[in-house]
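K.L.:
One file is attached below, protein-v1.cif, containing mmCIF, C-alpha atoms.
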```cif
data_model
#
loop_
_atom_site.label_atom_id
_atom_site.label_comp_id
_atom_site.auth_asym_id
_atom_site.auth_seq_id
_atom_site.Cartn_x
_atom_site.Cartn_y
_atom_site.Cartn_z
CA MET A 1 -15.84 -18.00 -18.47
CA PRO A 2 -14.47 -18.39 -22.04
CA ILE A 3 -11.55 -16.03 -21.34
CA ILE A 4 -10.69 -17.84 -18.10
CA GLU A 5 -10.85 -21.22 -19.85
CA PHE A 6 -8.77 -19.87 -22.76
CA LEU A 7 -6.02 -18.74 -20.40
CA ARG A 8 -6.06 -22.07 -18.62
CA ASP A 9 -5.43 -23.85 -21.92
CA PHE A 10 -1.86 -22.57 -21.57
CA ASP A 11 -1.34 -24.86 -18.63
CA HIS A 12 2.37 -25.28 -17.93
CA PRO A 13 4.42 -25.26 -14.70
CA LEU A 14 6.40 -22.22 -15.84
CA ILE A 15 3.25 -20.27 -16.72
CA TYR A 16 1.67 -21.24 -13.41
CA PHE A 17 4.81 -20.10 -11.57
CA LEU A 18 4.82 -16.78 -13.45
CA MET A 19 1.15 -16.15 -12.78
CA ARG A 20 1.46 -17.07 -9.12
CA SER A 21 4.51 -14.87 -8.68
CA VAL A 22 2.95 -11.74 -10.15
CA SER A 23 -0.33 -12.40 -8.33
CA LEU A 24 1.57 -12.42 -5.03
CA LEU A 25 2.55 -8.81 -5.75
CA GLY A 26 -1.00 -7.81 -4.90
CA ASP A 27 -1.55 -10.03 -1.87
CA ARG A 28 -1.88 -8.65 1.65
CA ALA A 29 1.52 -10.04 2.70
CA PHE A 30 3.21 -8.06 -0.07
CA TYR A 31 1.94 -4.77 1.32
CA VAL A 32 2.89 -5.78 4.85
CA ILE A 33 6.47 -5.97 3.55
CA LEU A 34 6.24 -3.04 1.15
CA PHE A 35 5.39 -0.26 3.61
CA PRO A 36 8.25 -0.92 6.07
CA ALA A 37 10.66 -1.34 3.16
CA ILE A 38 9.88 2.00 1.53
CA TYR A 39 10.15 3.89 4.82
CA TRP A 40 13.36 2.19 5.92
CA PHE A 41 15.23 2.04 2.62
CA TRP A 42 13.73 4.59 0.22
CA LYS A 43 13.53 8.34 -0.09
CA ARG A 44 11.14 9.41 2.66
CA GLU A 45 9.24 12.04 0.68
CA ASP A 46 8.43 9.51 -2.04
CA ALA A 47 7.45 6.92 0.58
CA VAL A 48 4.90 9.37 2.00
CA ARG A 49 3.54 10.14 -1.48
CA LEU A 50 3.25 6.46 -2.40
CA THR A 51 1.49 5.75 0.89
CA ALA A 52 -1.05 8.49 0.19
CA ILE A 53 -1.96 7.22 -3.26
CA LEU A 54 -1.93 3.52 -2.33
CA CYS A 55 -4.11 3.96 0.75
CA THR A 56 -6.51 6.07 -1.30
CA SER A 57 -6.68 3.31 -3.90
CA ILE A 58 -7.25 0.61 -1.27
CA PHE A 59 -10.08 2.55 0.36
CA VAL A 60 -11.75 3.29 -2.98
CA ASN A 61 -11.50 -0.39 -3.90
CA PHE A 62 -13.08 -1.50 -0.61
CA TRP A 63 -15.87 1.05 -1.06
CA LEU A 64 -16.64 0.02 -4.64
CA LYS A 65 -16.65 -3.68 -3.79
CA GLU A 66 -19.24 -3.09 -1.08
CA LEU A 67 -21.21 -0.78 -3.35
CA PHE A 68 -21.57 -3.22 -6.27
CA GLN A 69 -21.30 -6.54 -4.33
CA ILE A 70 -20.63 -8.57 -7.48
CA PRO A 71 -19.83 -12.23 -6.65
CA ARG A 72 -16.70 -13.90 -7.93
CA PRO A 73 -16.79 -16.70 -10.55
CA GLU A 74 -18.24 -19.74 -8.84
CA GLY A 75 -16.20 -22.92 -8.67
CA MET A 76 -13.29 -21.50 -10.68
CA ALA A 77 -10.87 -20.14 -8.06
CA GLU A 78 -7.48 -21.80 -7.76
CA VAL A 79 -6.20 -19.39 -5.12
CA GLU A 80 -7.85 -17.91 -2.06
CA ALA A 81 -9.79 -14.71 -2.64
CA GLU A 82 -11.89 -12.68 -0.21
CA SER A 83 -14.67 -10.09 -0.55
CA PHE A 84 -16.51 -9.22 -3.74
CA ALA A 85 -15.24 -9.25 -7.30
CA PHE A 86 -15.59 -5.76 -8.80
CA PRO A 87 -13.22 -4.04 -9.20
CA SER A 88 -10.11 -6.21 -9.01
CA GLY A 89 -7.94 -4.86 -6.21
CA HIS A 90 -4.85 -6.56 -7.61
CA ALA A 91 -5.29 -4.91 -11.02
CA GLN A 92 -6.22 -1.51 -9.58
CA HIS A 93 -3.35 -1.33 -7.11
CA ALA A 94 -0.86 -2.65 -9.69
CA VAL A 95 -1.62 0.37 -11.88
CA VAL A 96 -1.28 2.70 -8.91
CA LEU A 97 1.91 1.18 -7.49
CA TRP A 98 3.94 0.37 -10.60
CA GLY A 99 2.53 3.33 -12.49
CA PHE A 100 3.60 5.64 -9.66
CA LEU A 101 7.11 4.16 -9.60
CA ALA A 102 7.48 4.55 -13.36
CA LEU A 103 6.11 8.10 -13.49
CA ASN A 104 8.04 9.17 -10.40
CA SER A 105 11.34 7.84 -11.75
CA ARG A 106 10.49 8.86 -15.35
CA LYS A 107 11.75 5.55 -16.67
CA LEU A 108 10.94 1.83 -16.81
CA TYR A 109 7.54 2.51 -18.37
CA GLY A 110 7.70 -0.69 -20.42
CA PRO A 111 8.47 -3.06 -17.54
CA ALA A 112 5.80 -1.37 -15.40
CA ALA A 113 3.18 -1.82 -18.15
CA VAL A 114 4.10 -5.49 -18.63
CA LEU A 115 3.92 -6.14 -14.90
CA ILE A 116 0.52 -4.43 -14.63
CA LEU A 117 -0.80 -6.52 -17.52
CA LEU A 118 0.53 -9.76 -16.02
CA VAL A 119 -1.04 -9.03 -12.63
CA GLY A 120 -4.41 -8.51 -14.31
CA LEU A 121 -4.08 -11.68 -16.39
CA SER A 122 -3.08 -13.68 -13.32
CA ARG A 123 -6.40 -12.90 -11.64
CA LEU A 124 -8.24 -14.28 -14.66
CA TYR A 125 -5.90 -17.25 -14.92
CA PHE A 126 -6.69 -18.26 -11.34
CA GLY A 127 -10.42 -17.78 -11.85
CA VAL A 128 -10.99 -15.26 -9.06
CA HIS A 129 -12.27 -12.42 -11.28
CA TRP A 130 -14.43 -11.75 -14.29
CA PRO A 131 -12.81 -9.84 -17.19
CA ILE A 132 -14.92 -6.78 -16.32
CA ASP A 133 -13.43 -6.82 -12.80
CA VAL A 134 -9.89 -6.63 -14.14
CA ALA A 135 -10.76 -4.04 -16.79
CA GLY A 136 -12.55 -1.93 -14.19
CA GLY A 137 -9.63 -2.21 -11.79
CA LEU A 138 -7.17 -1.08 -14.46
CA LEU A 139 -9.29 1.92 -15.42
CA ILE A 140 -10.00 2.98 -11.83
CA GLY A 141 -6.34 2.62 -10.93
CA ALA A 142 -5.38 4.76 -13.93
CA ALA A 143 -7.91 7.40 -12.90
CA ILE A 144 -6.55 7.51 -9.34
CA LEU A 145 -2.98 7.72 -10.64
CA ALA A 146 -3.80 10.55 -13.04
CA GLY A 147 -5.83 12.37 -10.40
CA PHE A 148 -2.98 12.16 -7.91
CA PHE A 149 -0.33 13.61 -10.22
CA TRP A 150 -2.73 16.33 -11.38
CA SER A 151 -3.85 17.36 -7.89
CA GLU A 152 -0.58 16.97 -5.96
CA PRO A 153 1.11 20.27 -7.00
CA ARG A 154 -2.17 22.16 -6.61
CA LEU A 155 -2.78 20.74 -3.16
CA LYS A 156 0.76 21.63 -2.10
CA LEU A 157 0.14 25.25 -3.07
CA ILE A 158 -3.10 25.37 -1.09
CA LEU A 159 -1.56 23.84 2.04
CA ALA A 160 1.80 25.64 1.85
CA GLY A 161 0.77 28.36 4.30
CA TRP A 162 -0.93 26.09 6.83
CA PRO A 163 0.79 25.71 10.23
CA PRO A 164 2.01 22.12 10.83
CA ARG A 165 -0.25 21.73 13.87
CA MET A 166 -3.30 22.71 11.82
CA LEU A 167 -2.36 20.26 9.08
CA PHE A 168 -1.90 17.48 11.64
CA LEU A 169 -5.26 18.12 13.33
CA THR A 170 -7.12 18.47 10.04
CA PHE A 171 -5.64 15.23 8.73
CA LEU A 172 -6.47 13.45 11.99
CA VAL A 173 -10.08 14.62 11.83
CA ILE A 174 -10.47 13.57 8.18
CA THR A 175 -8.91 10.11 8.51
CA SER A 176 -10.61 9.27 11.82
CA THR A 177 -13.99 10.45 10.52
CA VAL A 178 -13.68 8.29 7.42
CA ALA A 179 -12.61 5.33 9.56
CA LEU A 180 -15.50 5.68 11.99
CA PHE A 181 -18.38 6.82 9.80
CA SER A 182 -17.77 5.75 6.18
CA GLY A 183 -19.37 2.36 6.72
CA VAL A 184 -16.62 0.68 4.69
CA HIS A 185 -15.33 -2.54 6.22
CA TYR A 186 -11.67 -2.27 7.31
CA SER A 187 -11.64 1.48 6.73
CA GLY A 188 -9.99 1.77 10.16
CA ILE A 189 -7.01 -0.23 8.90
CA VAL A 190 -6.58 1.85 5.74
CA MET A 191 -7.09 5.24 7.41
CA GLY A 192 -4.95 4.33 10.42
CA ALA A 193 -2.10 3.22 8.16
CA LEU A 194 -2.49 6.37 6.07
CA PHE A 195 -2.42 8.67 9.11
CA GLY A 196 0.33 6.87 11.01
CA LEU A 197 2.71 6.34 8.10
CA THR A 198 2.40 9.78 6.54
CA THR A 199 2.54 11.81 9.76
CA GLY A 200 5.36 9.62 11.02
CA GLY A 201 7.25 10.12 7.78
CA VAL A 202 6.82 13.88 7.89
CA ALA A 203 7.95 13.96 11.53
CA ALA A 204 11.01 11.83 10.72
CA GLY A 205 11.90 14.27 7.97
CA SER A 206 11.62 17.22 10.34
CA LEU A 207 13.99 15.41 12.73
CA ASN A 208 16.45 14.93 9.84
CA LEU A 209 16.63 11.17 10.30
CA PRO A 210 18.47 9.17 7.59
CA SER A 211 16.22 7.83 4.86
CA THR A 212 18.31 7.14 1.73
CA GLY A 213 21.62 5.52 0.85
CA ILE A 214 21.39 3.17 3.81
CA SER A 215 24.30 0.79 4.16
CA PRO A 216 23.99 -2.87 5.27
CA LEU A 217 25.43 -1.77 8.62
CA ARG A 218 22.53 0.61 9.08
CA GLY A 219 19.94 -1.56 7.37
CA GLY A 220 20.50 -4.56 9.65
CA PRO A 221 19.50 -2.77 12.87
CA LEU A 222 16.53 -1.21 11.07
CA VAL A 223 15.14 -4.61 10.09
CA ILE A 224 15.85 -6.26 13.46
CA LEU A 225 14.46 -3.43 15.59
CA GLY A 226 11.57 -2.81 13.24
CA SER A 227 10.46 -6.44 13.00
CA ALA A 228 10.73 -7.01 16.74
CA GLY A 229 8.74 -3.87 17.44
CA LEU A 230 6.06 -4.74 14.90
CA TYR A 231 5.62 -8.17 16.45
CA GLY A 232 5.36 -6.64 19.92
CA ILE A 233 2.78 -4.09 18.78
CA TYR A 234 0.81 -6.83 17.02
CA LEU A 235 0.63 -8.84 20.24
CA ALA A 236 -0.32 -5.74 22.25
CA VAL A 237 -3.22 -4.76 19.99
CA GLN A 238 -4.66 -8.24 19.56
CA PRO A 239 -7.20 -7.82 22.40
CA ILE A 240 -8.76 -4.74 20.79
CA ILE A 241 -8.70 -5.41 17.04
CA ASP A 242 -12.21 -6.89 17.09
CA SER A 243 -13.63 -3.82 18.85
CA GLY A 244 -14.56 -1.96 15.68
CA GLU A 245 -13.11 0.45 13.15
CA GLY A 246 -12.00 2.91 15.83
CA ALA A 247 -9.80 0.27 17.45
CA LEU A 248 -8.38 -0.69 14.06
CA PHE A 249 -7.64 2.98 13.33
CA LEU A 250 -5.78 3.33 16.64
CA ALA A 251 -3.83 0.09 16.17
CA LEU A 252 -2.72 0.91 12.62
CA THR A 253 -1.84 4.47 13.60
CA VAL A 254 0.55 3.11 16.21
CA ILE A 255 1.98 0.60 13.74
CA GLY A 256 2.40 3.30 11.09
CA LEU A 257 4.12 5.68 13.50
CA TRP A 258 6.45 2.89 14.58
CA ILE A 259 7.40 2.06 10.98
CA ALA A 260 7.85 5.62 9.72
CA LEU A 261 9.20 7.37 12.82
CA GLY A 262 9.97 5.01 15.69
CA VAL A 263 12.26 2.61 13.87
CA PRO A 264 14.40 5.22 12.06
CA TRP A 265 14.74 7.25 15.28
CA LEU A 266 15.65 4.27 17.47
CA ALA A 267 18.04 2.78 14.92
CA ASP A 268 19.73 6.15 14.51
CA LYS A 269 20.23 6.44 18.29
CA VAL A 270 21.60 2.90 18.54
CA LEU A 271 24.05 3.42 15.69
CA GLU A 272 25.02 6.87 16.97
CA SER A 273 25.91 5.39 20.33
CA ALA A 274 27.96 2.76 18.51
CA GLY A 275 29.88 5.46 16.64
CA VAL A 276 28.42 4.73 13.20
CA GLU A 277 28.38 7.86 11.06
CA ARG A 278 25.25 8.91 9.22
CA ARG A 279 25.61 8.50 5.46
CA SER A 280 22.59 10.56 4.45
CA ARG A 281 19.68 12.46 5.87
#
```
Do you think you could lay out the structure here as structure tokens?

P.N.:
Amino acid sequence: MPIIEFLRDFDHPLIYFLMRSVSLLGDRAFYVILFPAIYWFWKREDAVRLTAILCTSIFVNFWLKELFQIPRPEGMAEVEAESFAFPSGHAQHAVVLWGFLALNSRKLYGPAAVLILLVGLSRLYFGVHWPIDVAGGLLIGAAILAGFFWSEPRLKLILAGWPPRMLFLTFLVITSTVALFSGVHYSGIVMGALFGLTTGGVAAGSLNLPSTGISPLRGGPLVILGSAGLYGIYLAVQPIIDSGEGALFLALTVIGLWIALGVPWLADKVLESAGVERRSR
């Protein structure tokens, strides 16, 4: 409580705006926007890698929250917060996301560190976490980030000789098993997104669909087609989303495939028929 009260002593509209802005970078709506954006406007290989590490972090965070079941500070919250307190998902995923972007680009380490720190402080400022929650989230996020960059080249060597069909089936078995039998709430969402986005991204790459250097002429159709399709899929899966983790896994797999493969393929066909030349592949 003393740390939360100390931070609130700096009560000013500009500080509140700053804290609210950086806290939004860890909200659910941010990730709803982030995943389509990286697959439609970023280098596809890096989008797949970021999806893998972020979904891993989200699942680990859900699992640890249910394992420890530590309640949030009572009567202190100034913003809505769900589930248990430890570890802070905002702090953990901030390390994973902004740390990945800094390490992957090999620059902007300072801004990434400042942003990570501000996200953690914002969760204390709004009274939705204990200091140990934020500290734990930062450390767990750092461990996941380090583990990913250490294991990635080694895993690539191990899987290099696997046939694509075997990789696909193995990944499907692993993600669906975790979704159905891990006992972690919303594991179907995380594993479905992981499977759909990554396999869709790999398939889009094998089809040589454009992924970088997208012009406004190409980006407009991507956003329009993608958003319309996502809304249609959302309406279609509404009747089954309360049917358990298996239904959530199926729904998010479809959504992930649409984002990573369906939208780039359809937009490419539309623009090709209109005579728009591909800028990059």

K.L.:
For this file, the PyMOL selection byres ((chain A and resi 13-23) around 8) selects which residues, as an MDAnalysis selection string?

P.N.:
chainID A and resid 10:12 24:27 90 115 118:119 121:123 125

K.L.:
Pick from A:Leu207, A:Ala85, A:Val190, A:Ile58: nearest to Trp130 of chain A, with all atoms listed in the file counted?

P.N.:
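Closest to Trp130 of chain A, using all atoms listed in the file: A:Ala85.
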
K.L.:
In Å, rounded to a single decimal, give me how far atom CA of Leu261 of chain A is from atom CA of Leu209 of chain A.

P.N.:
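If I compute the distance from atom CA of Leu209 of chain A to atom CA of Leu261 of chain A, I get 8.7 Å.
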
K.L.:
I need the residue nearest Glu245 of chain A from this list: A:Arg49, A:His185, A:Arg44, A:Arg106. Use all atoms listed in the file for the distance.

P.N.:
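Closest to Glu245 of chain A, using all atoms listed in the file: A:His185.
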
K.L.:
What does the structure give for the distance between atom CA of Gly262 of chain A and atom CA of Ala37 of chain A, in Å to one decimal?

P.N.:
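The value is 14.1 Å.
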
K.L.:
Hey, can you check how far atom CA of Val32 of chain A sits from atom CA of Ser243 of chain A?

P.N.:
21.7 Å

K.L.:
Written as number ranges by chain, what is the full residue list that the PyMOL selection byres ((chain A and resi 113) around 12) yields on the file shown?

P.N.:
A: 91, 94-103, 107-112, 114-120, 138, 142

K.L.:
Counting only C-alpha atoms, what are the residues of segment 22-129 of chain A within 12 Å of segment 151-156 of chain A, and for each of them which pair of atoms is the nearest and at what distance in Å, to one decimal? Sort the table by chain and rising number, as a Markdown table.

P.N.:
```
| residue | atom | partner | partner_atom | distance |
| --- | --- | --- | --- | --- |
| A:Arg49 | CA | A:Glu152 | CA | 9.1 |
| A:Leu50 | CA | A:Glu152 | CA | 11.7 |
| A:Ala52 | CA | A:Glu152 | CA | 10.5 |
| A:Ile53 | CA | A:Glu152 | CA | 10.2 |
```

K.L.:
Go ahead and write the selection's residues with C-alpha atoms as a PDB file, in the frame of the given file.

P.N.:
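What ended up in selection_28.pdb:
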```pdb
ATOM      1  CA  ARG A  49       3.540  10.140  -1.480  1.00  0.00           C
ATOM      2  CA  LEU A  50       3.250   6.460  -2.400  1.00  0.00           C
ATOM      3  CA  ALA A  52      -1.050   8.490   0.190  1.00  0.00           C
ATOM      4  CA  ILE A  53      -1.960   7.220  -3.260  1.00  0.00           C
TER       5      ILE A  53
END
```

K.L.:
Expanded to explicit residues, what is the PyMOL selection byres ((chain A and resi 266) around 12) for this file, as an NGL selection string?

P.N.:
:A and (40 or 204 or 209-210 or 218 or 221-226 or 229 or 258-265 or 267-273)

K.L.:
Go through A:Phe168, A:Trp162, A:Phe148, A:Phe62 one by one, measure the shortest atom-to-atom distance of each to Ser187 of chain A using all atoms listed in the file, and give the residue with the smallest value.

P.N.:
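Checking each of A:Phe168, A:Trp162, A:Phe148, A:Phe62 against Ser187 of chain A, counting all atoms listed in the file, the winner is A:Phe62.
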
K.L.:
Considering all atoms listed in the file, give me a table of residues in segment 36-108 of chain A that are at most 12 Å from segment 177-180 of chain A, with the closest atom pair and distance in Å for each, as JSON lines.

P.N.:
```
{"residue": "A:Thr56", "atom": "CA", "partner": "A:Val178", "partner_atom": "CA", "distance": 11.5}
{"residue": "A:Phe59", "atom": "CA", "partner": "A:Val178", "partner_atom": "CA", "distance": 9.8}
{"residue": "A:Val60", "atom": "CA", "partner": "A:Val178", "partner_atom": "CA", "distance": 11.7}
{"residue": "A:Trp63", "atom": "CA", "partner": "A:Val178", "partner_atom": "CA", "distance": 11.4}
```

K.L.:
Could you tell me which of A:Leu235, A:Ile158, A:Leu67, A:Leu167 comes closest to Pro87 of chain A if we count all atoms listed in the file?

P.N.:
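Looking only at the distances to Pro87 of chain A, the closest residue turns out to be A:Leu67.
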
K.L.:
From the set A:Gly205, A:Pro36, A:Gly244, A:Pro164, which residue has the shortest atom-to-atom contact distance to Phe181 of chain A, counting only C-alpha atoms?

P.N.:
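That would be A:Gly244, the residue with the smallest distance to Phe181 of chain A.
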